[in-house]
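> Just passing along the structure, written as structure tokens.
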Amino acid sequence: MSSSHAKVFVLNGPNLGRLDLRNSSIYGDMNFEKLKEFIEIHARESGFEADVRQSDSETTLITWLHEAADATLPVIINPAAFTHYSYAIRDAVEMLKGPVIEVHLSNPLAREEFRHTSVISGVVTGTIGGFGPDSYRLALIALKGIVEKVSFNL
Ligand code: DQA
């Protein structure tokens, strides 16, 4: 893949690896492999090389966030259920040096009350939710706008 594309980490939290087995009226039918391909294709269109990862483990997600911080990489993150209660992920997101966009496939604010709180939103550049896989595509477009205007070390 072309090395002229700036790298972006696209990190996904618990249960997203089994997307096609979740409630399809909320998450649709796409499996994680297809979502990964979708993100990679749209990343290239926005000038990025997406490193798409998924883990059910808070520890692993934090390790990847540290990796992104050390490399000054932009991050798109769907923290999944950790969105609502992981102060450890929030603290790791806060340490990022590049822009960071929180994404959700569903619109958590239109769902159960416990999903109305994001402990992550307060430390991200912006949040996009409710558009299914397009949430990631829109995040990539937003990120392109940010990196074109802001000078930081990609
Ligand atoms: C989610 C929304 C979260 O509330 C939920 O726990 C998820 C997925 C989303 O993408 O819509 O696992 O982050």
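Chain labels run A, B, ... following the order of the structure tokens; each chain numbers its residues from 1, and ligands are numbered from 1 in the order shown.
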May I have the residues within 12 Å of A:Ser25 as a list in words, using only C-alpha atoms and disregarding those fewer than 5 positions away in the same chain?
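The contact residues come out as Leu19, Asp20, Met30, Leu105, Ser106 and Gly132 of chain A.
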> Can you list, as a PyMOL selection string, every protein, DNA or RNA residue that comes within 12 Å of A:Arg18 when you count only C-alpha atoms, leaving out same-chain residues fewer than 2 positions away?
chain A and resi 12-16+20-24+27-35+54-56
> Based on the backbone DSSP call, show me all residues of chain A assigned alpha helix (DSSP H), as a tab-separated table (two decimals) with C-alpha atoms, in the first residue's frame.

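states-v3.tsv written:
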```
chain	number	residue	atom	x	y	z
A	24	SER	CA	-29.36	-6.65	13.37
A	25	SER	CA	-32.12	-4.06	13.81
A	26	ILE	CA	-29.48	-1.94	15.60
A	27	TYR	CA	-26.20	-3.02	14.02
A	32	PHE	CA	-16.46	-7.12	11.20
A	33	GLU	CA	-14.30	-8.25	8.26
A	34	LYS	CA	-16.58	-6.37	5.86
A	35	LEU	CA	-16.62	-3.33	8.13
A	36	LYS	CA	-12.81	-3.43	8.17
A	37	GLU	CA	-12.71	-3.50	4.34
A	38	PHE	CA	-15.27	-0.67	4.19
A	39	ILE	CA	-13.12	1.44	6.51
A	40	GLU	CA	-9.90	0.67	4.61
A	41	ILE	CA	-11.46	1.65	1.26
A	42	HIS	CA	-12.89	4.92	2.57
A	43	ALA	CA	-9.68	5.68	4.43
A	44	ARG	CA	-7.76	5.54	1.14
A	45	GLU	CA	-10.33	7.87	-0.45
A	58	GLU	CA	-9.51	-3.06	27.82
A	59	THR	CA	-5.79	-3.72	28.37
A	60	THR	CA	-5.16	-4.31	24.67
A	61	LEU	CA	-7.09	-1.18	23.66
A	62	ILE	CA	-5.06	0.88	26.12
A	63	THR	CA	-1.80	-0.59	24.76
A	64	TRP	CA	-2.87	0.43	21.23
A	65	LEU	CA	-3.78	3.94	22.44
A	66	HIS	CA	-0.31	4.26	23.99
A	67	GLU	CA	1.17	3.12	20.66
A	68	ALA	CA	-0.84	5.81	18.83
A	69	ALA	CA	0.23	8.45	21.37
A	70	ASP	CA	3.91	7.51	21.03
A	87	TYR	CA	-12.05	5.80	32.90
A	88	ALA	CA	-8.88	3.88	31.99
A	89	ILE	CA	-9.66	4.22	28.29
A	90	ARG	CA	-10.63	7.85	28.81
A	91	ASP	CA	-7.27	8.55	30.47
A	92	ALA	CA	-5.42	6.84	27.60
A	93	VAL	CA	-7.43	8.80	25.00
A	94	GLU	CA	-6.61	12.01	26.85
A	134	ASP	CA	-21.04	5.50	7.51
A	135	SER	CA	-20.13	6.82	10.99
A	136	TYR	CA	-16.56	5.67	10.24
A	137	ARG	CA	-16.63	7.14	6.71
A	138	LEU	CA	-17.82	10.49	8.09
A	139	ALA	CA	-15.12	10.37	10.77
A	140	LEU	CA	-12.47	9.86	8.07
A	141	ILE	CA	-13.81	12.85	6.12
A	142	ALA	CA	-13.74	14.95	9.31
A	143	LEU	CA	-10.20	13.79	10.07
A	144	LYS	CA	-9.04	14.75	6.58
A	145	GLY	CA	-10.37	18.26	7.18
A	146	ILE	CA	-8.58	18.45	10.52
A	147	VAL	CA	-5.17	17.24	9.33
A	148	GLU	CA	-5.26	19.50	6.28
A	149	LYS	CA	-5.79	22.55	8.48
```
> Ranking A:Thr83, A:Ser57, A:Thr72, A:Ser4 by minimum distance to ligand 1 and counting only C-alpha atoms and all ligand atoms, which one comes first?
A:Thr83
> Between A:Ile128, A:Leu11, A:Ala71, A:Val52, which residue has the minimum interatomic distance to A:Leu109, considering only C-alpha atoms?
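Nearest candidate to A:Leu109 out of A:Ile128, A:Leu11, A:Ala71, A:Val52: A:Ile128.
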> So that I can check the secondary structure, give me every residue of chain A assigned strand (DSSP E or B) by backbone DSSP, as a ChimeraX atom specification.
/A:6-12,48-54,75-78,100-104,126-129
> Just how far from atom 3 (C, counted along the ligand's line) of ligand 1 is atom CA of A:Gly17, in Å to one decimal?
13.2 Å
> Pick the closest to ligand 1 from A:Ala80, A:Val75, A:Ala6, A:Val123: which is it, counting only C-alpha atoms and all ligand atoms?
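Looking only at the distances to ligand 1, the closest residue turns out to be A:Ala80.
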> Which is closest to ligand 1 among A:Val8, A:Ala81, A:Leu96, A:Val103, if we use only C-alpha atoms and all ligand atoms?
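Closest residue, counting only C-alpha atoms and all ligand atoms: A:Ala81.
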> Please indicate the distance in Å from atom CA of A:Phe82 to atom CA of A:Ser46, rounded to one decimal place.
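Separation of atom CA of A:Phe82 and atom CA of A:Ser46: 27.6 Å.
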> Measuring between only C-alpha atoms and all ligand atoms, which one of A:Ile120, A:Arg115, A:Pro133, A:Gly126 shows the shortest distance to ligand 1?
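Of A:Ile120, A:Arg115, A:Pro133, A:Gly126, the one nearest ligand 1, counting only C-alpha atoms and all ligand atoms, is A:Arg115.
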> Pick out the residues sitting within 6 Å of A:Pro74, and hand them over as a VMD selection string; count only C-alpha atoms, and ignore anything fewer than 2 positions along from it in its own chain.
chain A and resid 8 98 to 100
> Pull C-alpha atoms from the residues just selected and write them as a CSV table (one decimal), in the first residue's frame.

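Output file result_2.csv follows:
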```
chain,number,residue,atom,x,y,z
A,8,VAL,CA,-4.7,6.3,11.2
A,98,GLY,CA,-3.2,13.8,17.4
A,99,PRO,CA,-6.9,14.3,16.7
A,100,VAL,CA,-9.2,11.6,18.0
```
> So what do you get for atom CA of A:Gly47 versus atom 6 (O, counted along the ligand's line) of ligand 1, distance-wise?
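If I compute the distance from atom CA of A:Gly47 to atom 6 (O, counted along the ligand's line) of ligand 1, I get 29.3 Å.
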> Which one is closest to ligand 1: A:His104, A:Gly130, A:Ala110, A:Ser118? Count only C-alpha atoms and all ligand atoms.
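For ligand 1, the nearest of the candidates is A:His104.
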> Report as a ChimeraX atom specification all protein, DNA and RNA residues lying within 8 Å of A:Thr117, evaluated on only C-alpha atoms, omitting residues in the same chain fewer than 3 positions from it.
/A:83-84,113-114
